[in-house]
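Enquirer: Contents of final32.tsv (TSV, C-alpha atoms and all ligand atoms):
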```tsv
chain	number	residue	atom	x	y	z
A	687	MET	CA	0.00	0.00	0.00
A	688	THR	CA	2.99	2.34	0.11
A	689	GLY	CA	3.21	3.27	-3.57
A	690	PRO	CA	6.07	5.11	-5.26
A	691	ALA	CA	8.22	7.01	-2.76
A	692	PRO	CA	9.55	10.49	-3.51
A	693	LYS	CA	12.94	11.56	-2.24
A	694	ASP	CA	12.71	12.25	1.52
A	695	TRP	CA	13.51	15.93	1.14
A	696	ILE	CA	10.64	16.57	-1.28
A	697	LEU	CA	8.06	15.79	1.40
A	698	ASP	CA	8.91	18.76	3.57
A	699	LEU	CA	8.81	21.13	0.65
A	700	ALA	CA	6.20	23.89	0.94
A	701	PRO	CA	5.04	24.89	-2.54
A	702	TYR	CA	5.56	28.43	-3.92
A	703	VAL	CA	2.72	30.74	-2.92
A	704	PRO	CA	1.83	33.08	-5.78
A	705	GLY	CA	0.31	36.53	-5.29
A	706	LYS	CA	-3.45	36.16	-4.94
A	707	ALA	CA	-5.44	36.95	-8.07
A	708	ARG	CA	-8.92	36.91	-6.49
A	709	ALA	CA	-10.14	38.85	-3.52
A	710	ASP	CA	-11.96	37.01	-0.76
A	711	GLY	CA	-15.53	38.23	-0.80
A	712	ALA	CA	-14.93	41.49	-2.68
A	713	ASP	CA	-18.00	42.91	-4.38
A	714	ARG	CA	-16.00	45.39	-6.48
A	715	PRO	CA	-13.71	44.79	-9.43
A	716	VAL	CA	-10.45	43.40	-8.15
A	717	VAL	CA	-7.14	45.22	-8.53
A	718	LYS	CA	-4.25	42.77	-8.28
A	719	LEU	CA	-1.19	44.45	-6.78
A	720	SER	CA	0.29	41.25	-5.37
A	721	ALA	CA	2.56	39.81	-8.07
A	722	ASN	CA	4.68	42.72	-9.34
A	723	GLU	CA	3.12	42.63	-12.78
A	724	SER	CA	3.73	45.82	-14.76
A	725	ALA	CA	0.83	48.27	-14.73
A	726	TYR	CA	1.90	49.61	-18.12
A	727	GLY	CA	1.51	46.54	-20.29
A	728	PRO	CA	3.67	44.94	-22.97
A	729	SER	CA	4.78	46.48	-26.25
A	730	PRO	CA	1.88	46.33	-28.75
A	731	ARG	CA	4.43	44.88	-31.18
A	732	ALA	CA	5.06	42.01	-28.76
A	733	VAL	CA	1.33	41.33	-28.57
A	734	ALA	CA	1.08	41.33	-32.37
A	735	ALA	CA	4.06	38.95	-32.61
A	736	ALA	CA	2.46	36.54	-30.15
A	737	ARG	CA	-0.73	36.62	-32.25
A	738	ASP	CA	1.26	35.90	-35.42
A	739	ALA	CA	2.77	32.88	-33.69
A	740	MET	CA	-0.71	31.30	-33.70
A	741	ASP	CA	-0.22	30.58	-37.41
A	742	GLY	CA	2.62	28.19	-36.61
A	743	LEU	CA	1.20	26.06	-33.83
A	744	ALA	CA	1.73	22.79	-35.70
A	745	ARG	CA	5.53	23.17	-35.55
A	746	TYR	CA	7.95	22.91	-32.63
A	747	PRO	CA	9.61	26.20	-31.70
A	748	ASP	CA	13.31	26.87	-32.31
A	749	PRO	CA	15.00	24.75	-29.61
A	750	GLU	CA	17.86	27.26	-29.35
A	751	SER	CA	15.81	30.50	-29.22
A	752	ALA	CA	18.50	31.73	-31.63
A	753	ASP	CA	16.88	34.96	-32.85
A	754	LEU	CA	16.00	36.05	-29.33
A	755	ARG	CA	19.49	35.28	-28.02
A	756	ALA	CA	21.06	37.22	-30.88
A	757	ALA	CA	18.84	40.24	-30.18
A	758	LEU	CA	19.60	40.13	-26.45
A	759	GLY	CA	23.32	39.83	-27.18
A	760	GLU	CA	23.16	42.86	-29.42
A	761	LEU	CA	21.05	44.95	-27.04
A	762	HIS	CA	23.21	44.30	-23.98
A	763	GLY	CA	26.58	43.84	-25.70
A	764	LEU	CA	26.86	40.17	-24.66
A	765	ASP	CA	28.15	36.98	-26.26
A	766	ALA	CA	24.90	35.39	-27.52
A	767	ALA	CA	26.50	31.93	-27.39
A	768	ARG	CA	26.54	32.22	-23.59
A	769	ILE	CA	22.88	33.25	-23.27
A	770	LEU	CA	20.31	30.58	-22.39
A	771	CYS	CA	16.62	31.38	-22.77
A	772	GLY	CA	14.17	29.69	-20.48
A	773	ASN	CA	10.58	29.23	-19.42
A	774	GLY	CA	10.72	32.38	-17.31
A	775	SER	CA	13.91	33.12	-15.44
A	776	ASP	CA	12.63	30.59	-12.92
A	777	GLU	CA	13.85	27.88	-15.32
A	778	PRO	CA	17.55	28.87	-15.39
A	779	LEU	CA	17.35	29.56	-11.63
A	780	SER	CA	16.02	26.02	-11.20
A	781	LEU	CA	18.54	24.47	-13.59
A	782	LEU	CA	21.36	26.05	-11.60
A	783	ALA	CA	20.15	24.31	-8.43
A	784	HIS	CA	19.65	20.98	-10.18
A	785	CYS	CA	23.05	21.05	-11.87
A	786	PHE	CA	25.20	22.47	-9.09
A	787	ALA	CA	23.69	21.46	-5.74
A	788	GLY	CA	22.37	18.33	-4.07
A	789	PRO	CA	22.22	16.49	-0.74
A	790	GLY	CA	25.00	17.60	1.60
A	791	ASP	CA	25.46	20.93	-0.20
A	792	GLU	CA	24.49	24.39	0.99
A	793	VAL	CA	22.67	27.12	-0.92
A	794	ILE	CA	22.78	30.68	0.44
A	795	TYR	CA	20.14	33.38	-0.02
A	796	SER	CA	18.85	36.38	1.92
A	797	ARG	CA	16.23	35.84	4.60
A	798	TYR	CA	14.07	38.48	2.92
A	799	GLY	CA	14.63	37.38	-0.65
A	800	PHE	CA	12.80	35.70	-3.51
A	801	GLN	CA	10.94	32.75	-1.96
A	802	LEU	CA	11.77	30.46	-4.89
A	803	TYR	CA	15.41	30.13	-3.77
A	804	ALA	CA	14.53	28.23	-0.60
A	805	ILE	CA	12.21	25.98	-2.58
A	806	LEU	CA	14.91	25.22	-5.15
A	807	ALA	CA	17.46	24.36	-2.46
A	808	LYS	CA	15.02	21.91	-0.90
A	809	THR	CA	13.93	20.46	-4.23
A	810	VAL	CA	17.45	19.24	-4.93
A	811	GLY	CA	17.99	18.00	-1.37
A	812	ALA	CA	20.49	20.73	-0.46
A	813	THR	CA	20.43	22.75	2.76
A	814	GLY	CA	19.15	26.31	2.43
A	815	VAL	CA	21.06	28.91	4.43
A	816	ALA	CA	19.09	32.14	4.98
A	817	VAL	CA	21.27	35.17	5.79
A	818	ALA	CA	19.88	38.23	7.59
A	819	ASN	CA	19.47	41.32	5.39
A	820	GLU	CA	21.27	44.60	6.01
A	821	ASN	CA	19.31	47.81	5.40
A	822	TRP	CA	16.77	45.57	3.64
A	823	ALA	CA	19.27	44.57	0.91
A	824	ALA	CA	21.48	41.47	0.87
A	825	SER	CA	24.27	41.56	3.46
A	826	VAL	CA	27.64	41.04	1.77
A	827	ASP	CA	29.40	40.46	5.08
A	828	GLY	CA	26.66	38.11	6.27
A	829	ILE	CA	26.85	36.08	3.07
A	830	LEU	CA	30.65	35.88	3.17
A	831	GLN	CA	30.49	34.66	6.78
A	832	ALA	CA	27.94	32.00	5.81
A	833	VAL	CA	30.13	30.48	3.07
A	834	THR	CA	31.55	27.06	3.94
A	835	PRO	CA	33.34	24.34	1.93
A	836	ARG	CA	29.84	22.91	1.29
A	837	THR	CA	28.43	26.09	-0.25
A	838	ARG	CA	27.62	25.57	-3.92
A	839	LEU	CA	25.33	28.44	-4.84
A	840	ILE	CA	24.45	31.94	-3.71
A	841	TYR	CA	21.18	33.36	-5.04
A	842	LEU	CA	21.15	37.14	-4.81
A	843	ASP	CA	18.19	39.11	-6.12
A	844	ASN	CA	19.39	42.62	-6.83
A	845	PRO	CA	17.23	44.63	-6.47
A	846	ASN	CA	15.68	42.50	-3.77
A	847	ASN	CA	12.17	41.08	-3.80
A	848	PRO	CA	10.24	41.59	-1.46
A	849	THR	CA	12.09	44.60	-0.01
A	850	GLY	CA	12.83	46.65	-3.16
A	851	ALA	CA	16.30	47.53	-1.84
A	852	MET	CA	19.42	47.37	-3.99
A	853	LEU	CA	23.15	46.83	-3.61
A	854	PRO	CA	25.53	49.03	-5.59
A	855	PHE	CA	27.79	47.19	-8.01
A	856	SER	CA	30.80	47.95	-5.79
A	857	GLU	CA	29.21	45.73	-3.11
A	858	ILE	CA	28.62	42.92	-5.62
A	859	GLU	CA	32.29	43.18	-6.59
A	860	ARG	CA	33.29	43.03	-2.92
A	861	LEU	CA	31.17	39.89	-2.48
A	862	TYR	CA	32.68	38.28	-5.56
A	863	ALA	CA	36.21	39.13	-4.44
A	864	GLY	CA	35.63	37.34	-1.12
A	865	LEU	CA	34.21	34.12	-2.61
A	866	PRO	CA	36.11	30.90	-3.13
A	867	ASP	CA	35.76	29.89	-6.77
A	868	HIS	CA	33.85	26.67	-6.06
A	869	VAL	CA	30.86	28.90	-5.21
A	870	LEU	CA	28.56	29.99	-8.03
A	871	LEU	CA	27.16	33.50	-7.53
A	872	VAL	CA	23.76	33.96	-9.19
A	873	LEU	CA	22.77	37.60	-9.73
A	874	ASP	CA	19.00	37.68	-10.29
A	875	ALA	CA	18.23	41.02	-11.95
A	876	ALA	CA	14.48	40.48	-12.45
A	877	TYR	CA	13.89	44.17	-11.66
A	878	GLY	CA	17.08	45.47	-13.29
A	879	GLU	CA	15.16	47.52	-15.86
A	880	CYS	CA	13.55	49.82	-13.29
A	881	VAL	CA	16.63	50.76	-11.31
A	882	ASP	CA	17.54	54.43	-11.59
A	883	ASP	CA	20.40	54.51	-9.09
A	884	PRO	CA	23.58	55.05	-11.14
A	885	ALA	CA	25.58	52.88	-8.70
A	886	TYR	CA	23.70	49.80	-9.97
A	887	GLU	CA	24.80	47.27	-12.55
A	888	ALA	CA	22.96	44.03	-13.24
A	889	GLY	CA	26.24	42.11	-13.39
A	890	ALA	CA	27.13	41.26	-17.01
A	891	ARG	CA	30.52	42.96	-16.66
A	892	LEU	CA	31.36	40.69	-13.74
A	893	VAL	CA	30.09	37.60	-15.56
A	894	ASP	CA	32.49	38.40	-18.39
A	895	ARG	CA	35.58	38.28	-16.22
A	896	ALA	CA	34.61	35.54	-13.74
A	897	ASN	CA	34.19	31.78	-14.10
A	898	ASN	CA	31.62	31.52	-11.30
A	899	VAL	CA	29.05	34.29	-11.82
A	900	VAL	CA	25.72	33.99	-13.67
A	901	MET	CA	23.16	36.76	-14.29
A	902	THR	CA	19.45	36.06	-14.84
A	903	ARG	CA	16.89	38.41	-16.43
A	904	THR	CA	13.20	38.18	-17.25
A	905	PHE	CA	10.48	39.39	-19.60
A	906	SER	CA	7.94	38.99	-16.79
A	907	LYS	CA	8.37	42.31	-14.99
A	908	MET	CA	8.98	45.60	-16.85
A	909	TYR	CA	8.58	43.95	-20.27
A	910	ALA	CA	5.16	42.89	-19.00
A	911	LEU	CA	5.00	39.43	-20.63
A	912	PRO	CA	4.68	37.10	-17.60
A	913	ALA	CA	1.95	34.98	-19.20
A	914	LEU	CA	4.34	33.90	-21.96
A	915	ARG	CA	7.06	32.73	-19.53
A	916	VAL	CA	10.34	33.98	-21.02
A	917	GLY	CA	13.55	34.66	-19.13
A	918	TRP	CA	17.24	34.18	-19.70
A	919	ALA	CA	20.62	33.62	-18.12
A	920	TYR	CA	24.11	34.78	-19.08
A	921	GLY	CA	27.18	33.07	-17.71
A	922	PRO	CA	30.59	31.55	-18.35
A	923	ALA	CA	30.78	29.05	-21.25
A	924	ALA	CA	31.40	26.05	-18.98
A	925	VAL	CA	28.39	26.81	-16.78
A	926	MET	CA	26.09	27.51	-19.71
A	927	ASP	CA	27.18	24.26	-21.34
A	928	VAL	CA	26.08	22.39	-18.22
A	929	LEU	CA	22.70	24.16	-18.11
A	930	ASN	CA	22.13	23.48	-21.80
A	931	ARG	CA	22.70	19.77	-21.28
A	932	ALA	CA	20.11	19.65	-18.51
A	933	ARG	CA	17.38	21.89	-19.91
A	934	LEU	CA	14.38	20.51	-21.75
A	935	PRO	CA	14.71	20.65	-25.54
A	936	PHE	CA	11.88	23.02	-26.55
A	937	ASN	CA	11.75	25.08	-23.39
A	938	VAL	CA	10.53	28.42	-24.78
A	939	SER	CA	7.28	28.49	-26.76
A	940	ALA	CA	7.17	30.01	-30.23
A	941	ALA	CA	4.82	32.75	-29.04
A	942	GLY	CA	7.19	33.51	-26.20
A	943	GLN	CA	10.25	33.71	-28.43
A	944	LYS	CA	8.54	35.92	-31.00
A	945	ALA	CA	6.92	38.27	-28.51
A	946	ALA	CA	10.12	38.65	-26.49
A	947	LEU	CA	12.07	39.39	-29.68
A	948	ALA	CA	9.58	42.12	-30.65
A	949	ALA	CA	9.73	43.50	-27.10
A	950	VAL	CA	13.53	43.67	-27.22
A	951	ARG	CA	13.25	45.63	-30.46
A	952	ASP	CA	10.81	48.10	-28.91
A	953	GLN	CA	13.05	49.74	-26.33
A	954	ASP	CA	11.00	52.94	-26.57
A	955	HIS	CA	8.02	51.13	-25.06
A	956	LEU	CA	10.17	49.71	-22.27
A	957	ALA	CA	11.72	53.09	-21.50
A	958	ALA	CA	8.29	54.75	-21.34
A	959	ALA	CA	6.97	52.05	-19.00
A	960	VAL	CA	10.02	52.37	-16.75
A	961	ALA	CA	9.71	56.18	-16.64
A	962	ARG	CA	6.05	55.97	-15.64
A	963	ASN	CA	6.75	53.24	-13.08
A	964	ASN	CA	9.54	55.20	-11.45
A	965	GLU	CA	7.49	58.39	-11.31
A	966	GLU	CA	4.60	56.53	-9.68
A	967	ARG	CA	7.01	54.74	-7.34
A	968	ALA	CA	8.22	58.10	-6.04
A	969	TRP	CA	4.64	59.34	-5.68
A	970	LEU	CA	3.41	56.24	-3.83
A	971	THR	CA	6.47	56.15	-1.56
A	972	ALA	CA	5.83	59.77	-0.49
A	973	ALA	CA	2.07	59.27	-0.13
A	974	LEU	CA	2.46	56.19	2.08
A	975	ALA	CA	5.22	57.76	4.15
A	976	ALA	CA	2.91	60.74	4.77
A	977	THR	CA	0.40	58.38	6.42
A	978	GLY	CA	3.04	57.26	8.92
A	979	LEU	CA	3.98	54.00	7.19
A	980	ASP	CA	7.63	53.02	7.15
A	981	VAL	CA	8.35	52.67	3.42
A	982	VAL	CA	11.55	50.99	2.24
A	983	PRO	CA	13.11	53.05	-0.59
A	984	SER	CA	12.49	50.96	-3.72
A	985	GLN	CA	14.35	50.45	-6.99
A	986	THR	CA	11.68	48.08	-8.32
A	987	ASN	CA	8.03	48.13	-9.40
A	988	PHE	CA	6.74	47.63	-5.86
A	989	VAL	CA	7.19	49.13	-2.42
A	990	LEU	CA	7.40	47.43	0.97
A	991	ALA	CA	5.55	49.29	3.70
A	992	GLY	CA	6.02	48.67	7.43
A	993	PHE	CA	3.00	49.08	9.74
A	994	PRO	CA	2.83	50.12	13.40
A	995	ASP	CA	2.44	47.30	15.91
A	996	ALA	CA	-0.66	48.93	17.39
A	997	PRO	CA	-3.95	46.99	17.34
A	998	GLY	CA	-6.15	48.33	14.55
A	999	GLN	CA	-3.11	49.40	12.53
A	1000	THR	CA	-1.31	46.12	11.78
A	1001	ALA	CA	-0.33	44.87	8.34
A	1002	ALA	CA	-2.66	41.87	8.66
A	1003	GLU	CA	-5.61	44.17	9.34
A	1004	ALA	CA	-4.66	46.52	6.50
A	1005	TYR	CA	-4.31	43.52	4.17
A	1006	ARG	CA	-7.82	42.31	5.00
A	1007	ALA	CA	-9.31	45.80	4.86
A	1008	LEU	CA	-7.92	46.51	1.40
A	1009	MET	CA	-8.92	43.04	0.25
A	1010	ALA	CA	-12.49	43.83	1.26
A	1011	ASP	CA	-12.30	46.86	-1.02
A	1012	GLY	CA	-10.97	44.78	-3.91
A	1013	TYR	CA	-7.28	45.71	-3.66
A	1014	ILE	CA	-5.04	42.67	-3.29
A	1015	LEU	CA	-1.67	43.45	-1.71
A	1016	ARG	CA	0.99	40.95	-0.63
A	1017	HIS	CA	1.37	39.88	2.98
A	1018	LEU	CA	4.41	37.67	3.61
A	1019	PRO	CA	4.27	36.54	7.25
A	1020	GLY	CA	5.80	33.21	6.24
A	1021	GLN	CA	8.96	35.05	5.27
A	1022	GLY	CA	9.17	36.86	8.59
A	1023	LEU	CA	7.54	40.05	7.35
A	1024	ALA	CA	4.41	39.82	9.47
A	1025	ASN	CA	4.03	43.55	9.85
A	1026	HIS	CA	4.77	44.67	6.29
A	1027	LEU	CA	2.82	44.68	3.04
A	1028	ARG	CA	4.34	44.60	-0.42
A	1029	ILE	CA	2.43	46.77	-2.88
A	1030	THR	CA	2.99	46.53	-6.64
A	1031	ILE	CA	3.07	49.94	-8.36
A	1032	GLY	CA	-0.23	50.23	-10.22
A	1033	THR	CA	-1.65	52.77	-12.61
A	1034	PRO	CA	-1.78	56.36	-11.31
A	1035	GLU	CA	-5.48	55.85	-10.53
A	1036	GLN	CA	-4.86	52.59	-8.62
A	1037	ASN	CA	-1.99	54.12	-6.65
A	1038	ARG	CA	-4.14	57.06	-5.60
A	1039	ALA	CA	-6.90	54.70	-4.52
A	1040	VAL	CA	-4.50	52.55	-2.49
A	1041	ALA	CA	-2.99	55.63	-0.87
A	1042	ALA	CA	-6.45	56.95	0.03
A	1043	LEU	CA	-7.49	53.61	1.51
A	1044	LEU	CA	-4.31	53.27	3.54
A	1045	THR	CA	-4.55	56.88	4.70
A	1046	ALA	CA	-8.06	56.21	5.96
A	1047	PHE	CA	-6.87	52.98	7.57
A	1048	MET	CA	-4.02	54.70	9.38
A	1049	ASP	CA	-6.29	57.56	10.47
A	1050	GLY	CA	-8.70	55.01	11.86
A	1051	SER	CA	-11.41	56.84	9.97
A	1052	GLY	CA	-12.84	53.52	8.92
A	1053	LEU	CA	-12.39	51.60	5.75
A	1054	ALA	CA	-16.05	51.19	5.04
A	1055	GLU	CA	-16.04	54.86	4.08
A	1056	ALA	CA	-12.58	54.78	2.59
A	1057	GLY	CA	-13.89	54.80	-0.95
A	1058	GLU	CA	-15.13	58.30	-0.20
A	1059	ALA	CA	-12.13	59.07	2.02
A	1060	PRO	CA	-11.35	62.69	2.83
A	1061	ALA	CA	-9.05	64.18	0.22
B	1101	LIG	C1	9.43	37.78	-10.65
B	1101	LIG	C2	10.80	37.34	-10.25
B	1101	LIG	C3	11.52	36.42	-11.02
B	1101	LIG	C4	11.08	35.96	-12.35
B	1101	LIG	O1	10.19	35.10	-12.60
B	1101	LIG	P1	9.96	34.57	-14.08
B	1101	LIG	O2	10.14	33.10	-13.97
B	1101	LIG	O3	10.98	35.17	-14.99
B	1101	LIG	O4	8.59	34.99	-14.40
B	1101	LIG	C5	12.80	36.08	-10.66
B	1101	LIG	N1	13.35	36.62	-9.56
B	1101	LIG	C6	12.72	37.51	-8.81
B	1101	LIG	C7	13.40	38.10	-7.65
B	1101	LIG	C8	11.40	37.89	-9.11
B	1101	LIG	O5	10.76	38.75	-8.35
```
Represent the structure from my file as structure tokens, please.
Ligand SMILES: *Cc1c(COP(=O)(O)O)cnc(C)c1O
Expert:
Amino acid sequence: MTGPAPKDWILDLAPYVPGKARADGADRPVVKLSANESAYGPSPRAVAAARDAMDGLARYPDPESADLRAALGELHGLDAARILCGNGSDEPLSLLAHCFAGPGDEVIYSRYGFQLYAILAKTVGATGVAVANENWAASVDGILQAVTPRTRLIYLDNPNNPTGAMLPFSEIERLYAGLPDHVLLVLDAAYGECVDDPAYEAGARLVDRANNVVMTRTFSKMYALPALRVGWAYGPAAVMDVLNRARLPFNVSAAGQKAALAAVRDQDHLAAAVARNNEERAWLTAALAATGLDVVPSQTNFVLAGFPDAPGQTAAEAYRALMADGYILRHLPGQGLANHLRITIGTPEQNRAVAALLTAFMDGSGLAEAGEAPA
């Protein structure tokens, strides 16, 4: 009666929890601000390219994503032969764990970091090592202290999700300089497009001179194509060769390849979306701070807001109150952020509505009336 047995370590794996897409009991249209989807939409040329792909559904896609890799290489000044496209950037992130870590090995990530990293470490039977953040970003000193002879991988999301904080490139270089070369440093730049701090670099320059650094990027955030699942990784030839052996043969759909290619060629659309996002990010940060919330300065398309500990003003209560009004934010108590909410930057109208609702919540003036909240 026992049936097939999975590996022991799979059984204590808690599955990834996505941002909620439906509000519990809301009677108004729902605004989803829980998954860091871009409020500004994809390039219309990308949408048209995905539609065109419907004419070719009877054929397998290009197994190498060659046109997309060439365009990415040209755009970013990278060697296209060392780019691997994947089913979202989750796929290369996952391949890295499967190819480089296993039972007895350690995988380091930040305590407040992308929740997939802990899942990937467990999936391959490795031990996840969560390092405390410093000023909400990854702690270079903390990570260096956590490295042991068993460390195989370090996942570092820069900027960080869910905090929005960023490390300057000088800190990434300091981390790299302190690492033994058996450790693979993975720089996840999912939000790289919306950084405006000049001290930032996503990491390609470091990849080019190291044998143990990989950068991952995605079309899911500022390119606004998450439904098509396209991401990519750039790394040293030896590492990319390993990932290419292990990946599935036709891993990026034809619609995904074509839409991403069109999106890469429409940098004007991307730049406009980033400009609007960053303007709204500044507005929302100031508006929330004015209500007394403790807002972490963000370099992404979301902000993390800290709530007072006082009854009636907690993050859990704010989460439920906004949910009742049809605004879905992200509460991450499982990651140790019980008194914070992560709020994706929405359209100007959505951001003003969220700010008005949270202002009413913090004033205690009652959320039932918050729709007509005082200006
Ligand atoms: C959204 C996100 C990803 C990307 O996911 P995709 O698989 O590319 O959709 C990767 N890393 C971080 C930190 C993210 O927030």
Enquirer: Could you check the closest approach to ligand LIG 1101 (chain B) for each of A:Ala721, A:Ala941, A:Ala957, A:Ala1046 and tell me which residue wins, using all atoms listed in the file?
Expert: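 For ligand LIG 1101 (chain B), the nearest of the candidates is A:Ala721.
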Enquirer: Would you mind listing the residues within 6 Å of ligand LIG 1101 (chain B), counting only C-alpha atoms and all ligand atoms, as a ChimeraX atom specification?
Expert: /A:774-776,800,843,847,874,876,904,906,912,915,917
Enquirer: Suppose we keep C-alpha atoms; can you now write the selection as a PDB file, keeping the file's coordinate frame?
Expert:
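What landed in selection_1.pdb:
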```
ATOM      1  CA  GLY A 774      10.720  32.380 -17.310  1.00  0.00           C
ATOM      2  CA  SER A 775      13.910  33.120 -15.440  1.00  0.00           C
ATOM      3  CA  ASP A 776      12.630  30.590 -12.920  1.00  0.00           C
ATOM      4  CA  PHE A 800      12.800  35.700  -3.510  1.00  0.00           C
ATOM      5  CA  ASP A 843      18.190  39.110  -6.120  1.00  0.00           C
ATOM      6  CA  ASN A 847      12.170  41.080  -3.800  1.00  0.00           C
ATOM      7  CA  ASP A 874      19.000  37.680 -10.290  1.00  0.00           C
ATOM      8  CA  ALA A 876      14.480  40.480 -12.450  1.00  0.00           C
ATOM      9  CA  THR A 904      13.200  38.180 -17.250  1.00  0.00           C
ATOM     10  CA  SER A 906       7.940  38.990 -16.790  1.00  0.00           C
ATOM     11  CA  PRO A 912       4.680  37.100 -17.600  1.00  0.00           C
ATOM     12  CA  ARG A 915       7.060  32.730 -19.530  1.00  0.00           C
ATOM     13  CA  GLY A 917      13.550  34.660 -19.130  1.00  0.00           C
TER      14      GLY A 917
END
```
Enquirer: Please identify all polymer residues lying at most 12 Å from the point (19.4, 45.2, -9.4) (file coordinates), using only C-alpha atoms, and present the result as a PyMOL selection string.
Expert: chain A and resi 823-824+842-847+849-855+857-858+873-890+901-903+984-987
Enquirer: Do you have the atom CA of A:Ala707-atom CA of A:Ser720 distance handy?
Expert: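 Pair atom CA of A:Ala707 / atom CA of A:Ser720 returns 7.7 Å.
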Enquirer: Go ahead and compute the interatomic distance for atom CA of A:Tyr798 and atom CA of A:Glu777, in Å to one decimal.
Expert: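 Distance reported for this atom pair: 21.1 Å.
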Enquirer: Please return as a PyMOL selection string every residue within 6 Å of (-9.9, 45.1, -6.8), taking into account only C-alpha atoms and the file's own coordinates.
Expert: chain A and resi 715-717+1012-1013
Enquirer: Using all atoms listed in the file, determine which residues lie at most 9 Å from stretch 811-816 of chain A, disregarding the query and same-chain residues fewer than 4 positions distant; provide the list as a list in words.
Expert: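 Contacts, in chain order: Lys693, Asp694, Trp695, Ile696, Ala783, Ala787, Gly788, Pro789, Gly790, Asp791, Glu792, Val793, Ile794, Tyr795, Ser796, Arg797, Tyr798, Gly799, Tyr803, Ala804, Ile805, Leu806, Ala807, Ile829 and Ala832 of chain A.
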Enquirer: Restricted to C-alpha atoms, what would the selected residues look like written as a compact mmCIF listing (two decimals), keeping the file's coordinate frame?
Expert:
```txt
# COMPACT_ATOMS: atom_id res chain seq x y z
CA LYS A 693 12.94 11.56 -2.24
CA ASP A 694 12.71 12.25 1.52
CA TRP A 695 13.51 15.93 1.14
CA ILE A 696 10.64 16.57 -1.28
CA ALA A 783 20.15 24.31 -8.43
CA ALA A 787 23.69 21.46 -5.74
CA GLY A 788 22.37 18.33 -4.07
CA PRO A 789 22.22 16.49 -0.74
CA GLY A 790 25.00 17.60 1.60
CA ASP A 791 25.46 20.93 -0.20
CA GLU A 792 24.49 24.39 0.99
CA VAL A 793 22.67 27.12 -0.92
CA ILE A 794 22.78 30.68 0.44
CA TYR A 795 20.14 33.38 -0.02
CA SER A 796 18.85 36.38 1.92
CA ARG A 797 16.23 35.84 4.60
CA TYR A 798 14.07 38.48 2.92
CA GLY A 799 14.63 37.38 -0.65
CA TYR A 803 15.41 30.13 -3.77
CA ALA A 804 14.53 28.23 -0.60
CA ILE A 805 12.21 25.98 -2.58
CA LEU A 806 14.91 25.22 -5.15
CA ALA A 807 17.46 24.36 -2.46
CA ILE A 829 26.85 36.08 3.07
CA ALA A 832 27.94 32.00 5.81
```
Enquirer: Counting all atoms listed in the file, which of A:Thr837, A:Thr1033, A:Gln831, A:Gln801 gets nearest to A:Leu861?
Expert: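 Closest to A:Leu861 of all the choices is A:Gln831.
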Enquirer: Quote the spacing between atom CA of A:Thr834 and atom CA of A:Val817 in Å to one decimal place.
Expert: 13.2 Å
Enquirer: Which residue, A:Leu802, A:Ile840, A:Ala919, A:Ala818, has the smallest gap to A:Gly1022 when you use all atoms listed in the file?
Expert: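 Distance minimum relative to A:Gly1022 lands on A:Ala818.
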Enquirer: When you look at A:Leu871 with a cut-off of 9 Å (counting only C-alpha atoms), what residues show up, excluding the ones that are within fewer than 4 positions of it in the same chain? I need them as a PyMOL selection string.
Expert: chain A and resi 838-842+862+865+898-901
Enquirer: Rank A:Tyr909, A:Tyr1005, A:Tyr702, A:Phe786 by their smallest atom-to-atom distance to A:Leu1043, using only C-alpha atoms, and report the top residue only.
Expert: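 Between A:Tyr909, A:Tyr1005, A:Tyr702, A:Phe786, the residue approaching A:Leu1043 most closely is A:Tyr1005.
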Enquirer: Fewer than 6 positions away in the same chain doesn't count, so skip those; otherwise give me all residues within 10 Å of A:Asp1049, counting all atoms listed in the file, as a PyMOL selection string.
Expert: chain A and resi 977-978+999+1043
Enquirer: For A:Arg1028, please output as a list of chain:residue names all residues within 6 Å (counting all atoms listed in the file; exclusion window: fewer than 5 positions along the same chain).
Expert: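 What passes the distance filter is A:Val989, A:Leu990, A:Arg1016.
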